[in-house]
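These notes are about the structure you will find just below.
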Amino acid sequence: TQQYPVAVATWNFQNATKMAGKMLENGKSALDSVEKGVMVEEANLKNTTVGNGGAPDRDGNVTVDACIMSPDGDAGAVVYLKEIEHPVSVARKVMEETPHVMLAGEGALQFAIQQGFQKKNLLTEDSEKAWKEWLEHKEYKPIINIENHDTIGMLCLDKKGDIAAACTTSGLSYKINGRVGDSPLIGAGLFLDNEVGGAVGTGMGEAIMKSVGSFLIVELMRNGMSPQEACKEAVMRTIRTAPNYKDFQVAYVALNKQGEIGSYCIHKGFSYAKFHKGESTDNLSASYLN
Ligand code: SD4
């Protein structure tokens, strides 16, 4: 029993999965659908962890990171990109228009402008105000599931049975200037193998990077685990090597070629959204350790 098309995303991004899901139902490719899907959150000013309206680093710079993978195994990414509302689309251009996988900082911005993207100030009044309040204490202590959540990682399985994936973020609020997390790193925040399935991560990027979590999940699925079992094992890998795991969240969502979804996280409170059979649902609670 084939379960597609399916769109699934981290956190409660129903509008994003709806956008992608509708496109998939209309026969659009997984790649087009996943890009347009995550763009909904990049443009959402209320989302302070992605794109426009994203929280700045501790010096006041909003820097965005994103990556995308296509069913043929190709990949593109941008890191430390400023003043561009849709980093996922720049990542796609890197994938399709250059011989490279990743562009960073000033070079990524120059490339985006050459490709016709417009510069935009991504620091909103609200996020500037919140940053100025933060400066009064300068305490860098991300709160589990509350601060720094809302990075969007999405997986789409289209009518042809092909999977594409994208992940986009402004990273952890008040990070050190220059910090890049897991989200734009192929293998860490996102990985896809169209023969097997894909995975996306959210939470403390440093922990996801150290375990190459999304790549691990896809390999575990290749070796026979269900998406659920594979997500759990990737979380357990982090637990075993990080004694301070009680202080941070790591959460994964995975999708296999059959359209089965799995999700697991360290701490209660992570949920995901999906679009399937014309219906979009959010607040789907992931299983958790703690
Ligand atoms: C990061 N993993 O930059 C991202 C943050 C995140 O929901 O997932 N927020 O480390």
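Following the order of the structure tokens, first chain is A, next is B, and so on, with residues numbered from 1 inside each chain and ligands from 1 in the order they appear.
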I'd like the neighbourhood of range 179-195 of chain A as a PyMOL selection string, where a residue qualifies if any of its atoms comes within 6 Å (using only C-alpha atoms), though same-chain residues fewer than 3 positions away should be ignored. chain A and resi 65-67+71+77+163+167+176+198-201+205+208-209+212-215
Atoms kept (C-alpha atoms) for selection, written as a PDB file, in the first residue's frame:
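Here's the written file again27.pdb:
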ATOM      1  CA  ASP A  65      21.276  28.889   6.653  1.00  0.00           C
ATOM      2  CA  ALA A  66      19.467  26.503   4.307  1.00  0.00           C
ATOM      3  CA  CYS A  67      19.935  23.407   2.198  1.00  0.00           C
ATOM      4  CA  PRO A  71      15.737  12.934  -5.622  1.00  0.00           C
ATOM      5  CA  ALA A  77      23.314  24.916   0.575  1.00  0.00           C
ATOM      6  CA  ILE A 163      11.546  12.236  -2.321  1.00  0.00           C
ATOM      7  CA  CYS A 167      15.787  22.696   5.698  1.00  0.00           C
ATOM      8  CA  ILE A 176      28.125  33.987  18.305  1.00  0.00           C
ATOM      9  CA  GLY A 198      15.025  11.033   4.098  1.00  0.00           C
ATOM     10  CA  ALA A 199      15.427  12.640   7.505  1.00  0.00           C
ATOM     11  CA  VAL A 200      15.487  16.142   8.958  1.00  0.00           C
ATOM     12  CA  GLY A 201      16.576  17.370  12.369  1.00  0.00           C
ATOM     13  CA  GLY A 205      22.420  21.945  16.024  1.00  0.00           C
ATOM     14  CA  ILE A 208      23.018  16.979  15.501  1.00  0.00           C
ATOM     15  CA  MET A 209      26.270  17.905  13.751  1.00  0.00           C
ATOM     16  CA  VAL A 212      25.661  13.430  11.626  1.00  0.00           C
ATOM     17  CA  GLY A 213      22.115  12.581  12.649  1.00  0.00           C
ATOM     18  CA  SER A 214      20.128  12.696   9.411  1.00  0.00           C
ATOM     19  CA  PHE A 215      22.681  10.666   7.480  1.00  0.00           C
TER      20      PHE A 215
END
Enumerate the residues of range 134-247 of chain A with a DSSP assignment of strand (DSSP E), computed from the backbone, and present them as number ranges by chain. A: 152-157, 163-169, 190-193, 197-203
Env of Leu289 in chain A: 9 Å cut, atoms = only C-alpha atoms, seq-sep filter 6 positions within chain, self excluded. Answer as a ChimeraX atom specification. /A:232,235-236,264-268
Could you give me, as a PyMOL selection string, each residue of range 9-93 of chain A that DSSP assigns to alpha helix (DSSP H) when run on this structure's backbone? chain A and resi 14-25+30-43+87-93
Which residues are close to Ile261 in chain A, i.e. within 6 Å by only C-alpha atoms, leaving aside same-chain residues fewer than 2 positions away? Reply as number ranges by chain. A: 227, 254-255
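Within 7 Å of Ala165 in chain A, once only C-alpha atoms are used and residues closer than 5 positions along the same chain are dropped, the contacting residues are Val34, Ile68, Met69, Ser70, Met154, Leu155, Cys156 and Leu192 of chain A.
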Can I get the selection written as a PDB file, in the first residue's frame, with N, CA, C and O atoms?
ATOM      1  N   VAL A  34       8.743  20.931  -2.042  1.00  0.00           N
ATOM      2  CA  VAL A  34       9.447  21.118  -0.766  1.00  0.00           C
ATOM      3  C   VAL A  34      10.020  22.539  -0.683  1.00  0.00           C
ATOM      4  O   VAL A  34      10.008  23.164   0.379  1.00  0.00           O
ATOM      5  N   ILE A  68      19.029  22.070   0.453  1.00  0.00           N
ATOM      6  CA  ILE A  68      17.983  21.345  -0.282  1.00  0.00           C
ATOM      7  C   ILE A  68      18.627  20.140  -0.957  1.00  0.00           C
ATOM      8  O   ILE A  68      19.798  20.202  -1.342  1.00  0.00           O
ATOM      9  N   MET A  69      17.893  19.039  -1.027  1.00  0.00           N
ATOM     10  CA  MET A  69      18.373  17.856  -1.754  1.00  0.00           C
ATOM     11  C   MET A  69      17.302  17.383  -2.721  1.00  0.00           C
ATOM     12  O   MET A  69      16.111  17.376  -2.387  1.00  0.00           O
ATOM     13  N   SER A  70      17.741  16.982  -3.899  1.00  0.00           N
ATOM     14  CA  SER A  70      16.789  16.520  -4.905  1.00  0.00           C
ATOM     15  C   SER A  70      16.827  14.994  -4.970  1.00  0.00           C
ATOM     16  O   SER A  70      17.785  14.372  -4.504  1.00  0.00           O
ATOM     17  N   MET A 154      11.716  19.842   5.936  1.00  0.00           N
ATOM     18  CA  MET A 154      10.547  19.214   5.303  1.00  0.00           C
ATOM     19  C   MET A 154      10.973  18.121   4.322  1.00  0.00           C
ATOM     20  O   MET A 154      11.998  18.240   3.650  1.00  0.00           O
ATOM     21  N   LEU A 155      10.137  17.086   4.281  1.00  0.00           N
ATOM     22  CA  LEU A 155      10.350  15.984   3.334  1.00  0.00           C
ATOM     23  C   LEU A 155       9.089  15.830   2.511  1.00  0.00           C
ATOM     24  O   LEU A 155       7.987  15.838   3.071  1.00  0.00           O
ATOM     25  N   CYS A 156       9.239  15.699   1.200  1.00  0.00           N
ATOM     26  CA  CYS A 156       8.076  15.515   0.329  1.00  0.00           C
ATOM     27  C   CYS A 156       8.265  14.265  -0.521  1.00  0.00           C
ATOM     28  O   CYS A 156       9.340  14.052  -1.096  1.00  0.00           O
ATOM     29  N   LEU A 192      19.020  12.711   2.441  1.00  0.00           N
ATOM     30  CA  LEU A 192      18.036  12.035   1.614  1.00  0.00           C
ATOM     31  C   LEU A 192      18.759  11.070   0.690  1.00  0.00           C
ATOM     32  O   LEU A 192      19.797  11.396   0.125  1.00  0.00           O
TER      33      LEU A 192
END
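When only C-alpha atoms and all ligand atoms are used to measure the gap to ligand 1, the shortest distance among A:Leu122, A:Ile217, A:Val88, A:Ile152 belongs to A:Ile152.
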Which residues of range 115-186 of chain A sit at most 9 Å from range 23-28 of chain A, using only C-alpha atoms? Give each one's shortest atom pair and distance in Å (one decimal place), in chain and ascending residue order, as CSV.
residue,atom,partner,partner_atom,distance
A:Cys156,CA,A:Leu24,CA,8.0
A:Leu157,CA,A:Leu24,CA,7.8
A:Asp158,CA,A:Leu24,CA,5.5
A:Lys159,CA,A:Gly27,CA,6.3
A:Lys160,CA,A:Gly27,CA,8.5
Would you please work out which residue, of A:Ala251, A:Leu123, A:Ala130, A:Ala234, is nearest to ligand 1 when using only C-alpha atoms and all ligand atoms? A:Ala251
Selection: 12 Å around Glu106 in chain A, only C-alpha atoms, excl. self and same-chain fewer than 6 positions, as number ranges by chain: A: 63, 78-84, 112-113, 178
Save out the residues we just selected, C-alpha atoms, as an mmCIF file, in the first residue's frame.
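In the end it all went to result17.cif:
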data_model
loop_
_atom_site.group_PDB
_atom_site.id
_atom_site.type_symbol
_atom_site.label_atom_id
_atom_site.label_comp_id
_atom_site.auth_asym_id
_atom_site.auth_seq_id
_atom_site.Cartn_x
_atom_site.Cartn_y
_atom_site.Cartn_z
ATOM 1 C CA THR A 63 22.160 35.252 9.217
ATOM 2 C CA VAL A 78 23.966 28.435 1.791
ATOM 3 C CA VAL A 79 25.363 29.423 5.164
ATOM 4 C CA TYR A 80 25.794 32.728 6.954
ATOM 5 C CA LEU A 81 23.726 34.454 4.298
ATOM 6 C CA LYS A 82 22.445 37.938 5.130
ATOM 7 C CA GLU A 83 19.551 39.994 3.776
ATOM 8 C CA ILE A 84 17.905 37.300 1.663
ATOM 9 C CA ALA A 112 22.127 35.451 -4.847
ATOM 10 C CA ILE A 113 22.117 38.986 -6.240
ATOM 11 C CA GLY A 178 29.779 33.417 12.469
#
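The nearest approach to ligand 1 among the residues A:Ser173, A:Thr98, A:Asn121, A:Thr151, with only C-alpha atoms and all ligand atoms taken into account, belongs to A:Thr151.
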How many Å lie between CA of Gly171 in chain A and CA of Thr49 in chain A, rounded to one decimal? 6.3 Å
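The gap separating CA of Lys46 in chain A from CA of Asp126 in chain A is 9.2 Å, in Å to one decimal.
Take the candidates A:His149, A:His276, A:Lys119, A:Lys175 and check each one against Asn61 in chain A using only C-alpha atoms; the shortest distance goes to A:Lys175.
By only C-alpha atoms, and with residues fewer than 4 positions from Glu41 in chain A along its chain excluded, the set lying at most 8 Å from it is Phe13, Ala16, Gly37, Asn47, Val50, Gly51 and Ile152 of chain A.
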Restricting to only C-alpha atoms and all ligand atoms, whichever of A:Glu136, A:Glu125, A:Glu260, A:Asp57 is closest to ligand 1 is A:Asp57
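Interatomic distance, CA of Lys18 in chain A against CA of Ser280 in chain A: 5.9 Å.
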